>>> print(open('query04.cif').read())   # mmCIF, C-alpha atoms
data_data
#
loop_
_atom_site.group_PDB
_atom_site.id
_atom_site.type_symbol
_atom_site.label_atom_id
_atom_site.label_comp_id
_atom_site.auth_asym_id
_atom_site.auth_seq_id
_atom_site.Cartn_x
_atom_site.Cartn_y
_atom_site.Cartn_z
ATOM 1 C CA MET A 999 105.978 99.911 154.442
ATOM 2 C CA LYS A 1000 104.117 102.780 152.805
ATOM 3 C CA TYR A 1001 107.354 103.952 151.183
ATOM 4 C CA ILE A 1002 107.891 100.540 149.613
ATOM 5 C CA VAL A 1003 104.356 100.590 148.199
ATOM 6 C CA PHE A 1004 104.888 104.127 146.902
ATOM 7 C CA LEU A 1005 108.142 103.132 145.204
ATOM 8 C CA PHE A 1006 106.431 100.101 143.632
ATOM 9 C CA LEU A 1007 103.707 102.346 142.227
ATOM 10 C CA ILE A 1008 106.266 104.713 140.726
ATOM 11 C CA ILE A 1009 108.114 101.847 139.037
ATOM 12 C CA SER A 1010 104.875 100.261 137.799
ATOM 13 C CA CYS A 1011 103.538 103.529 136.411
ATOM 14 C CA GLY A 1012 106.875 104.228 134.744
ATOM 15 C CA LYS A 1013 106.728 100.912 132.914
ATOM 16 C CA ASN A 1014 103.156 101.481 131.809
ATOM 17 C CA ASN A 1015 103.942 104.976 130.569
ATOM 18 C CA ILE A 1016 106.680 103.855 128.176
ATOM 19 C CA GLU A 1017 105.647 105.027 124.724
ATOM 20 C CA ARG A 1018 105.587 102.288 122.110
ATOM 21 C CA LYS A 1019 104.654 103.288 118.595
ATOM 22 C CA LEU A 1020 104.713 101.733 115.136
ATOM 23 C CA GLY A 1021 106.237 104.084 112.584
ATOM 24 C CA ARG A 1022 106.513 103.545 108.840
ATOM 25 C CA PHE A 1023 106.784 100.235 107.012
ATOM 26 C CA ASP A 1024 107.342 98.542 103.673
ATOM 27 C CA ILE A 1025 106.262 95.223 102.117
ATOM 28 C CA SER A 1026 108.532 92.936 100.105
ATOM 29 C CA VAL A 1027 107.432 92.299 96.521
ATOM 30 C CA ASP A 1028 106.743 88.615 97.300
ATOM 31 C CA GLU A 1029 104.650 89.704 100.355
ATOM 32 C CA ASN A 1030 106.718 87.439 102.631
ATOM 33 C CA LYS A 1031 108.343 90.166 104.713
ATOM 34 C CA ILE A 1032 107.500 93.457 106.368
ATOM 35 C CA VAL A 1033 110.181 95.911 107.442
ATOM 36 C CA TYR A 1034 109.243 98.707 109.845
ATOM 37 C CA ASP A 1035 110.513 101.139 112.449
ATOM 38 C CA TYR A 1036 109.262 100.836 115.997
ATOM 39 C CA LYS A 1037 109.635 103.459 118.709
ATOM 40 C CA VAL A 1038 110.168 102.742 122.409
ATOM 41 C CA ASP A 1039 110.218 106.054 124.271
ATOM 42 C CA SER A 1040 112.608 108.326 122.338
ATOM 43 C CA LEU A 1041 114.491 105.591 120.486
ATOM 44 C CA ASN A 1042 113.673 103.797 117.240
ATOM 45 C CA ASN A 1043 114.817 100.466 115.910
ATOM 46 C CA ILE A 1044 114.240 98.688 112.586
ATOM 47 C CA TYR A 1045 112.474 95.311 112.594
ATOM 48 C CA LEU A 1046 111.966 92.687 109.933
ATOM 49 C CA MET A 1047 108.913 90.420 110.193
ATOM 50 C CA ASP A 1048 108.656 87.058 108.478
ATOM 51 C CA ILE A 1049 104.922 86.899 107.763
ATOM 52 C CA SER A 1050 104.855 83.079 107.566
ATOM 53 C CA THR A 1051 106.206 82.714 111.124
ATOM 54 C CA ASP A 1052 104.783 85.963 112.577
ATOM 55 C CA GLU A 1053 108.248 86.628 114.045
ATOM 56 C CA SER A 1054 109.859 90.075 114.205
ATOM 57 C CA LEU A 1055 113.589 90.512 114.763
ATOM 58 C CA PRO A 1056 115.622 93.738 114.989
ATOM 59 C CA LEU A 1057 118.039 94.416 112.151
ATOM 60 C CA LEU A 1058 120.379 96.214 114.575
ATOM 61 C CA ASN A 1059 121.704 95.345 118.004
ATOM 62 C CA LYS A 1060 120.997 98.850 119.261
ATOM 63 C CA SER A 1061 118.268 101.473 119.099
ATOM 64 C CA GLY A 1062 118.723 105.024 117.848
ATOM 65 C CA LYS A 1063 117.065 107.470 115.483
ATOM 66 C CA PHE A 1064 116.421 104.947 112.716
ATOM 67 C CA SER A 1065 113.341 105.372 110.549
ATOM 68 C CA ASN A 1066 111.379 104.746 107.352
ATOM 69 C CA PRO A 1067 112.836 101.459 106.057
ATOM 70 C CA ARG A 1068 112.303 100.442 102.424
ATOM 71 C CA PHE A 1069 113.095 97.314 100.425
ATOM 72 C CA ILE A 1070 115.504 97.879 97.554
ATOM 73 C CA TYR A 1071 113.662 96.477 94.575
ATOM 74 C CA GLY A 1072 114.902 92.999 93.605
ATOM 75 C CA ALA A 1073 118.140 93.296 95.605
ATOM 76 C CA GLY A 1074 117.452 91.362 98.833
ATOM 77 C CA LYS A 1075 118.355 94.504 100.767
ATOM 78 C CA VAL A 1076 116.712 97.042 103.061
ATOM 79 C CA VAL A 1077 117.592 100.724 103.299
ATOM 80 C CA PHE A 1078 116.648 103.054 106.148
ATOM 81 C CA ILE A 1079 117.535 106.486 107.512
ATOM 82 C CA ASN A 1080 119.789 107.271 110.463
ATOM 83 C CA HIS A 1081 119.409 110.814 111.828
ATOM 84 C CA ILE A 1082 121.571 110.494 114.953
ATOM 85 C CA ASN A 1083 124.261 112.912 113.750
ATOM 86 C CA LYS A 1084 124.402 113.744 110.045
ATOM 87 C CA PRO A 1085 121.663 112.155 107.900
ATOM 88 C CA GLU A 1086 122.731 108.778 106.549
ATOM 89 C CA PHE A 1087 121.233 105.994 104.464
ATOM 90 C CA TRP A 1088 122.139 102.594 105.931
ATOM 91 C CA ILE A 1089 121.861 99.529 103.698
ATOM 92 C CA TYR A 1090 121.201 96.123 105.262
ATOM 93 C CA ASP A 1091 121.773 92.857 103.402
ATOM 94 C CA ILE A 1092 119.044 90.344 104.340
ATOM 95 C CA PRO A 1093 120.900 87.073 103.450
ATOM 96 C CA THR A 1094 124.060 87.976 105.429
ATOM 97 C CA LYS A 1095 122.174 89.916 108.142
ATOM 98 C CA LYS A 1096 124.717 92.741 108.044
ATOM 99 C CA ILE A 1097 124.866 96.475 107.484
ATOM 100 C CA ILE A 1098 126.906 96.690 104.282
ATOM 101 C CA LYS A 1099 126.938 100.438 103.639
ATOM 102 C CA LYS A 1100 126.488 103.752 105.455
ATOM 103 C CA ILE A 1101 126.094 106.739 103.129
ATOM 104 C CA THR A 1102 126.254 110.260 104.563
ATOM 105 C CA VAL A 1103 124.316 112.869 102.572
ATOM 106 C CA THR A 1104 123.920 116.639 102.703
ATOM 107 C CA PRO A 1105 122.830 118.125 106.066
ATOM 108 C CA GLY A 1106 119.099 118.456 106.652
ATOM 109 C CA PHE A 1107 116.077 116.383 107.623
ATOM 110 C CA ILE A 1108 114.985 113.633 105.198
ATOM 111 C CA VAL A 1109 111.211 113.335 105.422
ATOM 112 C CA ASP A 1110 110.623 110.716 102.699
ATOM 113 C CA TYR A 1111 112.420 108.776 99.961
ATOM 114 C CA PHE A 1112 112.226 105.704 97.770
ATOM 115 C CA PRO A 1113 114.671 103.396 95.957
ATOM 116 C CA SER A 1114 113.913 103.548 92.233
ATOM 117 C CA LYS A 1115 112.652 100.465 90.393
ATOM 118 C CA PHE A 1116 114.227 101.701 87.169
ATOM 119 C CA GLU A 1117 117.594 103.109 88.246
ATOM 120 C CA ASN A 1118 120.237 102.361 90.851
ATOM 121 C CA LYS A 1119 119.269 105.542 92.701
ATOM 122 C CA ILE A 1120 117.398 106.809 95.734
ATOM 123 C CA TYR A 1121 115.194 109.894 95.356
ATOM 124 C CA TYR A 1122 114.437 111.822 98.543
ATOM 125 C CA ILE A 1123 112.999 115.063 99.890
ATOM 126 C CA GLN A 1124 114.907 116.990 102.502
ATOM 127 C CA ALA A 1125 114.343 120.101 104.603
ATOM 128 C CA SER A 1126 117.228 122.509 105.129
ATOM 129 C CA GLU A 1127 115.561 124.731 107.726
ATOM 130 C CA PHE A 1128 114.106 124.179 111.201
ATOM 131 C CA ASP A 1129 112.314 127.314 112.317
ATOM 132 C CA SER A 1130 109.002 128.980 113.106
ATOM 133 C CA TYR A 1131 107.431 131.404 110.640
ATOM 134 C CA SER A 1132 105.118 132.775 113.314
ATOM 135 C CA PRO A 1133 105.624 133.988 116.913
ATOM 136 C CA ILE A 1134 102.819 131.686 118.084
ATOM 137 C CA ALA A 1135 103.852 128.596 116.093
ATOM 138 C CA ARG A 1136 106.381 126.051 117.246
ATOM 139 C CA LYS A 1137 109.465 125.317 115.169
ATOM 140 C CA SER A 1138 109.205 122.737 112.401
ATOM 141 C CA PHE A 1139 111.000 121.683 109.229
ATOM 142 C CA HIS A 1140 110.694 123.891 106.143
ATOM 143 C CA ASN A 1141 112.514 124.732 102.918
ATOM 144 C CA PHE A 1142 112.116 121.347 101.209
ATOM 145 C CA ASP A 1143 113.715 120.241 97.964
ATOM 146 C CA ILE A 1144 114.196 117.054 95.929
ATOM 147 C CA TYR A 1145 117.520 115.197 95.829
ATOM 148 C CA GLN A 1146 118.918 112.002 94.360
ATOM 149 C CA LEU A 1147 121.564 109.592 95.628
ATOM 150 C CA ASP A 1148 123.451 107.474 93.091
ATOM 151 C CA LEU A 1149 123.985 104.011 94.619
ATOM 152 C CA LYS A 1150 126.999 103.362 92.376
ATOM 153 C CA SER A 1151 129.015 106.517 92.949
ATOM 154 C CA PHE A 1152 127.334 107.400 96.299
ATOM 155 C CA GLN A 1153 127.152 111.008 95.119
ATOM 156 C CA THR A 1154 124.139 113.217 95.825
ATOM 157 C CA GLU A 1155 122.586 115.833 93.589
ATOM 158 C CA LYS A 1156 119.987 118.493 94.313
ATOM 159 C CA LEU A 1157 117.317 118.208 91.612
ATOM 160 C CA SER A 1158 114.969 121.041 92.514
ATOM 161 C CA ASN A 1159 114.917 124.677 93.473
ATOM 162 C CA ILE A 1160 111.475 124.808 95.082
ATOM 163 C CA HIS A 1161 112.133 125.768 98.730
ATOM 164 C CA SER A 1162 108.723 124.308 99.579
ATOM 165 C CA TYR A 1163 107.066 125.263 102.875
ATOM 166 C CA SER A 1164 106.156 121.586 103.382
ATOM 167 C CA MET A 1165 106.778 118.520 101.255
ATOM 168 C CA THR A 1166 105.765 115.174 102.728
ATOM 169 C CA GLU A 1167 105.974 112.277 100.237
ATOM 170 C CA ILE A 1168 107.785 111.380 97.051
ATOM 171 C CA GLY A 1169 107.171 108.496 94.637
ATOM 172 C CA GLU A 1170 107.811 107.273 91.122
ATOM 173 C CA ILE A 1171 105.172 107.165 88.407
ATOM 174 C CA ASN A 1172 107.424 105.615 85.753
ATOM 175 C CA LYS A 1173 111.064 105.710 84.649
ATOM 176 C CA ASP A 1174 110.764 109.382 83.646
ATOM 177 C CA ASN A 1175 108.414 110.991 86.189
ATOM 178 C CA LEU A 1176 108.207 111.594 89.923
ATOM 179 C CA ILE A 1177 105.221 112.473 92.081
ATOM 180 C CA VAL A 1178 105.418 114.637 95.222
ATOM 181 C CA SER A 1179 102.900 115.843 97.796
ATOM 182 C CA MET A 1180 103.224 119.415 99.053
ATOM 183 C CA GLN A 1181 101.470 121.750 101.473
ATOM 184 C CA GLY A 1182 101.628 125.530 101.564
ATOM 185 C CA ALA A 1183 99.639 128.167 99.707
ATOM 186 C CA LYS A 1184 96.580 126.788 97.894
ATOM 187 C CA GLU A 1185 98.290 126.696 94.505
ATOM 188 C CA GLU A 1186 101.256 124.876 96.063
ATOM 189 C CA SER A 1187 99.216 122.215 97.901
ATOM 190 C CA GLY A 1188 98.304 118.745 96.647
ATOM 191 C CA LEU A 1189 99.966 116.213 94.352
ATOM 192 C CA PHE A 1190 102.394 117.279 91.641
ATOM 193 C CA THR A 1191 104.221 115.406 88.895
ATOM 194 C CA VAL A 1192 107.595 116.326 87.446
ATOM 195 C CA ASP A 1193 110.044 115.078 84.838
ATOM 196 C CA LYS A 1194 113.190 113.594 86.439
ATOM 197 C CA LYS A 1195 115.416 114.981 83.714
ATOM 198 C CA THR A 1196 114.473 118.648 84.119
ATOM 199 C CA LYS A 1197 115.719 121.129 86.671
ATOM 200 C CA ILE A 1198 112.697 121.116 88.953
ATOM 201 C CA THR A 1199 111.113 124.470 89.814
ATOM 202 C CA LEU A 1200 107.645 125.546 90.933
ATOM 203 C CA GLN A 1201 106.950 126.600 87.362
ATOM 204 C CA ASN A 1202 107.394 123.128 85.844
ATOM 205 C CA LEU A 1203 105.586 121.200 88.572
ATOM 206 C CA LYS A 1204 102.301 119.889 87.157
ATOM 207 C CA LYS A 1205 99.484 119.780 89.684
ATOM 208 C CA ILE A 1206 97.034 116.877 89.541
ATOM 209 C CA SER A 1207 93.570 118.408 89.217
ATOM 210 C CA ILE A 1208 90.290 116.538 89.719
ATOM 211 C CA GLU A 1209 87.027 117.897 88.274
ATOM 212 C CA ASN A 1210 84.653 116.389 90.859
ATOM 213 C CA ASP A 1211 86.743 117.703 93.742
ATOM 214 C CA THR A 1212 83.831 119.627 95.287
ATOM 215 C CA LEU A 1213 85.400 120.035 98.740
ATOM 216 C CA ARG A 1214 88.803 121.000 97.312
ATOM 217 C CA ASN A 1215 90.389 118.065 99.109
ATOM 218 C CA SER A 1216 92.889 117.882 96.253
ATOM 219 C CA THR A 1217 94.880 120.459 98.216
ATOM 220 C CA MET A 1218 95.173 117.778 100.929
ATOM 221 C CA TYR A 1219 96.112 114.801 98.756
ATOM 222 C CA GLY A 1220 98.982 112.793 100.232
ATOM 223 C CA ASN A 1221 100.541 109.313 100.511
ATOM 224 C CA PRO A 1222 100.330 108.654 96.738
ATOM 225 C CA VAL A 1223 100.464 105.032 95.540
ATOM 226 C CA ILE A 1224 100.806 104.387 91.816
ATOM 227 C CA LEU A 1225 98.442 101.656 90.628
ATOM 228 C CA SER A 1226 98.943 102.270 86.900
ATOM 229 C CA GLN A 1227 100.005 105.057 84.578
ATOM 230 C CA ASN A 1228 96.659 106.797 85.028
ATOM 231 C CA LYS A 1229 95.383 105.647 88.443
ATOM 232 C CA ILE A 1230 96.670 106.842 91.799
ATOM 233 C CA LEU A 1231 95.499 105.862 95.264
ATOM 234 C CA CYS A 1232 95.996 108.508 97.954
ATOM 235 C CA SER A 1233 94.711 109.927 101.210
ATOM 236 C CA SER A 1234 92.415 112.942 101.225
ATOM 237 C CA SER A 1235 91.079 114.556 104.374
ATOM 238 C CA TYR A 1236 91.187 111.255 106.362
ATOM 239 C CA GLN A 1237 89.679 109.288 103.447
ATOM 240 C CA LEU A 1238 91.277 106.881 100.986
ATOM 241 C CA VAL A 1239 90.467 107.838 97.393
ATOM 242 C CA LEU A 1240 91.253 106.633 93.884
ATOM 243 C CA LEU A 1241 92.188 109.234 91.267
ATOM 244 C CA ASN A 1242 91.506 108.531 87.600
ATOM 245 C CA LEU A 1243 93.851 110.918 85.782
ATOM 246 C CA ASP A 1244 92.266 110.319 82.357
ATOM 247 C CA LYS A 1245 88.763 111.172 83.548
ATOM 248 C CA LYS A 1246 89.977 113.597 86.237
ATOM 249 C CA GLU A 1247 87.663 111.875 88.702
ATOM 250 C CA GLU A 1248 87.963 110.965 92.361
ATOM 251 C CA THR A 1249 86.286 107.852 93.819
ATOM 252 C CA GLN A 1250 86.132 107.121 97.529
ATOM 253 C CA ILE A 1251 87.685 103.759 98.442
ATOM 254 C CA LEU A 1252 87.468 103.920 102.253
ATOM 255 C CA PRO A 1253 85.525 106.491 104.313
ATOM 256 C CA SER A 1254 87.061 108.682 106.994
ATOM 257 C CA THR A 1255 88.049 107.051 110.282
ATOM 258 C CA GLY A 1256 89.102 110.354 111.823
ATOM 259 C CA TYR A 1257 92.799 109.444 111.622
ATOM 260 C CA HIS A 1258 95.484 110.507 109.192
ATOM 261 C CA TYR A 1259 97.235 107.911 107.058
ATOM 262 C CA ARG A 1260 100.868 107.468 108.071
ATOM 263 C CA THR A 1261 102.003 105.022 105.371
ATOM 264 C CA ILE A 1262 100.311 103.487 102.325
ATOM 265 C CA ARG A 1263 102.000 100.758 100.251
ATOM 266 C CA ASN A 1264 100.775 98.402 97.549
ATOM 267 C CA ILE A 1265 101.662 95.161 95.825
ATOM 268 C CA GLY A 1266 99.541 95.381 92.681
ATOM 269 C CA ASP A 1267 95.918 95.882 93.782
ATOM 270 C CA LYS A 1268 96.638 94.748 97.352
ATOM 271 C CA ILE A 1269 96.807 97.807 99.604
ATOM 272 C CA PHE A 1270 98.574 98.050 102.990
ATOM 273 C CA TYR A 1271 98.344 101.036 105.329
ATOM 274 C CA ASN A 1272 98.666 102.264 108.896
ATOM 275 C CA GLN A 1273 97.199 105.356 110.526
ATOM 276 C CA THR A 1274 97.893 107.752 113.382
ATOM 277 C CA ASP A 1275 95.589 105.804 115.705
ATOM 278 C CA ASN A 1276 98.343 104.737 118.163
ATOM 279 C CA SER A 1277 97.837 101.076 117.297
ATOM 280 C CA ASN A 1278 100.601 98.690 116.229
ATOM 281 C CA ASN A 1279 98.559 97.378 113.314
ATOM 282 C CA ILE A 1280 98.810 97.621 109.584
ATOM 283 C CA THR A 1281 95.603 97.024 107.653
ATOM 284 C CA TYR A 1282 95.418 95.427 104.209
ATOM 285 C CA PHE A 1283 92.744 94.714 101.609
ATOM 286 C CA ASN A 1284 92.222 94.001 97.914
ATOM 287 C CA LEU A 1285 90.736 96.804 95.849
ATOM 288 C CA ASN A 1286 88.164 94.458 94.299
ATOM 289 C CA ASP A 1287 86.500 93.452 97.597
ATOM 290 C CA LYS A 1288 87.739 95.975 100.244
ATOM 291 C CA LYS A 1289 87.647 93.322 102.966
ATOM 292 C CA LEU A 1290 89.860 94.674 105.756
ATOM 293 C CA ASN A 1291 92.413 92.493 107.553
ATOM 294 C CA SER A 1292 95.154 93.472 109.989
ATOM 295 C CA ILE A 1293 98.611 92.425 111.164
ATOM 296 C CA ASN A 1294 99.971 93.403 114.598
ATOM 297 C CA LEU A 1295 103.624 94.443 114.356
ATOM 298 C CA ALA A 1296 104.426 94.980 118.036
ATOM 299 C CA PRO A 1297 107.690 93.039 118.585
ATOM 300 C CA LYS A 1298 107.092 90.210 121.035
ATOM 301 C CA ASN A 1299 110.557 90.531 122.574
ATOM 302 C CA ILE A 1300 109.888 94.062 123.885
ATOM 303 C CA LYS A 1301 108.385 94.105 127.376
#
>>> encode(input="query04.cif", output="structure tokens")
Amino acid sequence: MKYIVFLFLIISCGKNNIERKLGRFDISVDENKIVYDYKVDSLNNIYLMDISTDESLPLLNKSGKFSNPRFIYGAGKVVFINHINKPEFWIYDIPTKKIIKKITVTPGFIVDYFPSKFENKIYYIQASEFDSYSPIARKSFHNFDIYQLDLKSFQTEKLSNIHSYSMTEIGEINKDNLIVSMQGAKEESGLFTVDKKTKITLQNLKKISIENDTLRNSTMYGNPVILSQNKILCSSSYQLVLLNLDKKEETQILPSTGYHYRTIRNIGDKIFYNQTDNSNNITYFNLNDKKLNSINLAPKNIK
């Protein structure tokens, strides 16, 4: 009898120890849908939530190494990354509920990307090296550069020659300029803007500098969200801050919670984010009132 009880405890503990974690997400322009990746143990799947019904359904009939889904602007489609073998962008058509394209790109780890609002292209940052630069440090991804994928020809092009130690996010300020967040030496850490049409090097990256940055948190700026041509929302040392590029001023929007921001998205002045707090929630608020609300994205069909 004691062996049966022992076996039951092992099975029960095994079920309770299954890791379930919300990854990154995106919001449709009409705010009706949320697409996100969700991890169960070592496998990820992509889910689409209909906000009106609070129902989440997987876009695939299998789990794998799928991550970081994004809506393709105005196209009724979702794109996400598959890293099972070679890195691929998979495109899912929402009306037909089918994967309609799998695009293999150059070898390396894609850490972030976005589908352009102005062009039929995807811009992404990719690491070409997985190594340790110190005998006491564990291996991680390094040697980052900026690439583009043309969604008409399905050809890729390397746009930069930076070889960054760490590059974490990429976004689009307007039809001509990108924004990237980097970490490395002090002069190579923070938010940088660059012209899409130039061959991107460290020399022509323009760092965003803030005059009231007394704690030098500008070296830790990340997760940039473009509110207007001259206003950027971003994370900074666990805080959420607003950068006024004209005045070169930083204003705190939300104080530190002690957790990093994993993803920040916006629809106009409505802000959505999740953090590394091991919850399955995304939080949202309007900039004018900062009243926090949350949505739980744990799929109900996963036991």
>>> resolve_selection(input="query04.cif", expression="the PyMOL selection byres ((chain A and resi 1176) around 10)", output="list in words")
Tyr1121, Ile1168, Gly1169, Glu1170, Ile1171, Asn1172, Lys1173, Asp1174, Asn1175, Ile1177, Val1178, Phe1190, Thr1191, Val1192, Asp1193 and Lys1194 of chain A
>>> write_last_selection(input="query04.cif", atoms="C-alpha atoms", output="PDB file, in the coordinates of the input")
ATOM      1  CA  TYR A1121     115.194 109.894  95.356  1.00  0.00           C
ATOM      2  CA  ILE A1168     107.785 111.380  97.051  1.00  0.00           C
ATOM      3  CA  GLY A1169     107.171 108.496  94.637  1.00  0.00           C
ATOM      4  CA  GLU A1170     107.811 107.273  91.122  1.00  0.00           C
ATOM      5  CA  ILE A1171     105.172 107.165  88.407  1.00  0.00           C
ATOM      6  CA  ASN A1172     107.424 105.615  85.753  1.00  0.00           C
ATOM      7  CA  LYS A1173     111.064 105.710  84.649  1.00  0.00           C
ATOM      8  CA  ASP A1174     110.764 109.382  83.646  1.00  0.00           C
ATOM      9  CA  ASN A1175     108.414 110.991  86.189  1.00  0.00           C
ATOM     10  CA  ILE A1177     105.221 112.473  92.081  1.00  0.00           C
ATOM     11  CA  VAL A1178     105.418 114.637  95.222  1.00  0.00           C
ATOM     12  CA  PHE A1190     102.394 117.279  91.641  1.00  0.00           C
ATOM     13  CA  THR A1191     104.221 115.406  88.895  1.00  0.00           C
ATOM     14  CA  VAL A1192     107.595 116.326  87.446  1.00  0.00           C
ATOM     15  CA  ASP A1193     110.044 115.078  84.838  1.00  0.00           C
ATOM     16  CA  LYS A1194     113.190 113.594  86.439  1.00  0.00           C
TER      17      LYS A1194
END
>>> resolve_selection(input="query04.cif", expression="the PyMOL selection byres ((chain A and resi 1111-1119) around 8)", output="list in words")
Arg1068, Phe1069, Ile1070, Tyr1071, Ile1108, Val1109, Asp1110, Ile1120, Tyr1121, Tyr1122, Ile1123, Gln1146, Leu1147, Asp1148, Leu1149, Lys1150, Glu1167, Ile1168, Gly1169, Glu1170, Asn1172 and Lys1173 of chain A
>>> resolve_selection(input="query04.cif", expression="the PyMOL selection byres ((chain A and resi 1238) around 8)", output="list in words")
Leu1231, Cys1232, Ser1233, Ser1234, Tyr1236, Gln1237, Val1239, Leu1240, Gln1250, Ile1251, Leu1252, Pro1253 and Ser1254 of chain A
>>> atom_distance(input="query04.cif", atom1="CA of Leu1055 (chain A)", atom2="CA of Pro1297 (chain A)")
7.5 Å
>>> axis_aligned_box(input="query04.cif", around="region 1287-1298 of chain A", padding_each_side="4 Å", output="AutoDock Vina command-line options")
--center_x 97.1 --center_y 93.1 --center_z 109.3 --size_x 29.2 --size_y 13.8 --size_z 31.4
>>> closest_residue(input="query04.cif", among="A:His1161, A:Lys1289, A:His1258, A:Lys1060", to="Asn1276 (chain A)", atoms="only C-alpha atoms")
A:His1258
>>> residues_around(input="query04.cif", residues="region 1226-1228 of chain A", least_positions_apart="4", cutoff="7 Å", atoms="all atoms listed in the file", output="MDAnalysis selection string")
chainID A and resid 1171 1242:1244
>>> closest_residue(input="query04.cif", among="A:Ile1280, A:Leu1041, A:Ile1032, A:Leu1046", to="Ile1082 (chain A)", atoms="only C-alpha atoms")
A:Leu1041
>>> atom_distance(input="query04.cif", atom1="CA of Ala1296 (chain A)", atom2="CA of Asn1083 (chain A)")
27.1 Å
>>> closest_residue(input="query04.cif", among="A:Thr1199, A:Thr1217, A:Asn1279, A:Asn1159", to="Glu1186 (chain A)", atoms="only C-alpha atoms")
A:Thr1217
>>> closest_residue(input="query04.cif", among="A:Lys1019, A:Lys1099, A:Lys1204, A:Lys1184", to="Val1077 (chain A)", atoms="all atoms listed in the file")
A:Lys1099
>>> build_atoms(input="query04.cif", residues="region 1088-1105 of chain A", atoms="N, CA and C atoms", output="JSON list (two decimals), keeping the file's coordinate frame")
[["chain", "number", "residue", "atom", "x", "y", "z"],
["A", 1088, "TRP", "N", 121.47, 103.85, 105.58],
["A", 1088, "TRP", "CA", 122.14, 102.59, 105.93],
["A", 1088, "TRP", "C", 121.51, 101.48, 105.09],
["A", 1089, "ILE", "N", 122.34, 100.63, 104.53],
["A", 1089, "ILE", "CA", 121.86, 99.53, 103.70],
["A", 1089, "ILE", "C", 122.16, 98.21, 104.39],
["A", 1090, "TYR", "N", 121.12, 97.40, 104.56],
["A", 1090, "TYR", "CA", 121.20, 96.12, 105.26],
["A", 1090, "TYR", "C", 120.98, 94.99, 104.27],
["A", 1091, "ASP", "N", 121.88, 94.01, 104.28],
["A", 1091, "ASP", "CA", 121.77, 92.86, 103.40],
["A", 1091, "ASP", "C", 121.04, 91.73, 104.14],
["A", 1092, "ILE", "N", 119.87, 91.33, 103.64],
["A", 1092, "ILE", "CA", 119.04, 90.34, 104.34],
["A", 1092, "ILE", "C", 119.71, 88.98, 104.43],
["A", 1093, "PRO", "N", 120.29, 88.41, 103.34],
["A", 1093, "PRO", "CA", 120.90, 87.07, 103.45],
["A", 1093, "PRO", "C", 122.04, 86.99, 104.46],
["A", 1094, "THR", "N", 122.92, 88.01, 104.51],
["A", 1094, "THR", "CA", 124.06, 87.98, 105.43],
["A", 1094, "THR", "C", 123.76, 88.60, 106.78],
["A", 1095, "LYS", "N", 122.60, 89.28, 106.90],
["A", 1095, "LYS", "CA", 122.17, 89.92, 108.14],
["A", 1095, "LYS", "C", 123.20, 90.94, 108.64],
["A", 1096, "LYS", "N", 123.70, 91.76, 107.70],
["A", 1096, "LYS", "CA", 124.72, 92.74, 108.04],
["A", 1096, "LYS", "C", 124.43, 94.09, 107.40],
["A", 1097, "ILE", "N", 124.84, 95.15, 108.09],
["A", 1097, "ILE", "CA", 124.87, 96.48, 107.48],
["A", 1097, "ILE", "C", 126.06, 96.51, 106.54],
["A", 1098, "ILE", "N", 125.82, 96.75, 105.25],
["A", 1098, "ILE", "CA", 126.91, 96.69, 104.28],
["A", 1098, "ILE", "C", 127.34, 98.07, 103.78],
["A", 1099, "LYS", "N", 126.55, 99.11, 104.09],
["A", 1099, "LYS", "CA", 126.94, 100.44, 103.64],
["A", 1099, "LYS", "C", 126.25, 101.51, 104.47],
["A", 1100, "LYS", "N", 127.02, 102.57, 104.80],
["A", 1100, "LYS", "CA", 126.49, 103.75, 105.46],
["A", 1100, "LYS", "C", 126.87, 104.95, 104.59],
["A", 1101, "ILE", "N", 125.85, 105.66, 104.09],
["A", 1101, "ILE", "CA", 126.09, 106.74, 103.13],
["A", 1101, "ILE", "C", 125.63, 108.06, 103.74],
["A", 1102, "THR", "N", 126.57, 108.93, 104.04],
["A", 1102, "THR", "CA", 126.25, 110.26, 104.56],
["A", 1102, "THR", "C", 125.86, 111.18, 103.42],
["A", 1103, "VAL", "N", 124.77, 111.94, 103.61],
["A", 1103, "VAL", "CA", 124.32, 112.87, 102.57],
["A", 1103, "VAL", "C", 124.34, 114.29, 103.12],
["A", 1104, "THR", "N", 123.87, 115.23, 102.32],
["A", 1104, "THR", "CA", 123.92, 116.64, 102.70],
["A", 1104, "THR", "C", 123.13, 116.89, 103.99],
["A", 1105, "PRO", "N", 123.54, 117.84, 104.81],
["A", 1105, "PRO", "CA", 122.83, 118.12, 106.07],
["A", 1105, "PRO", "C", 121.39, 118.54, 105.83]]
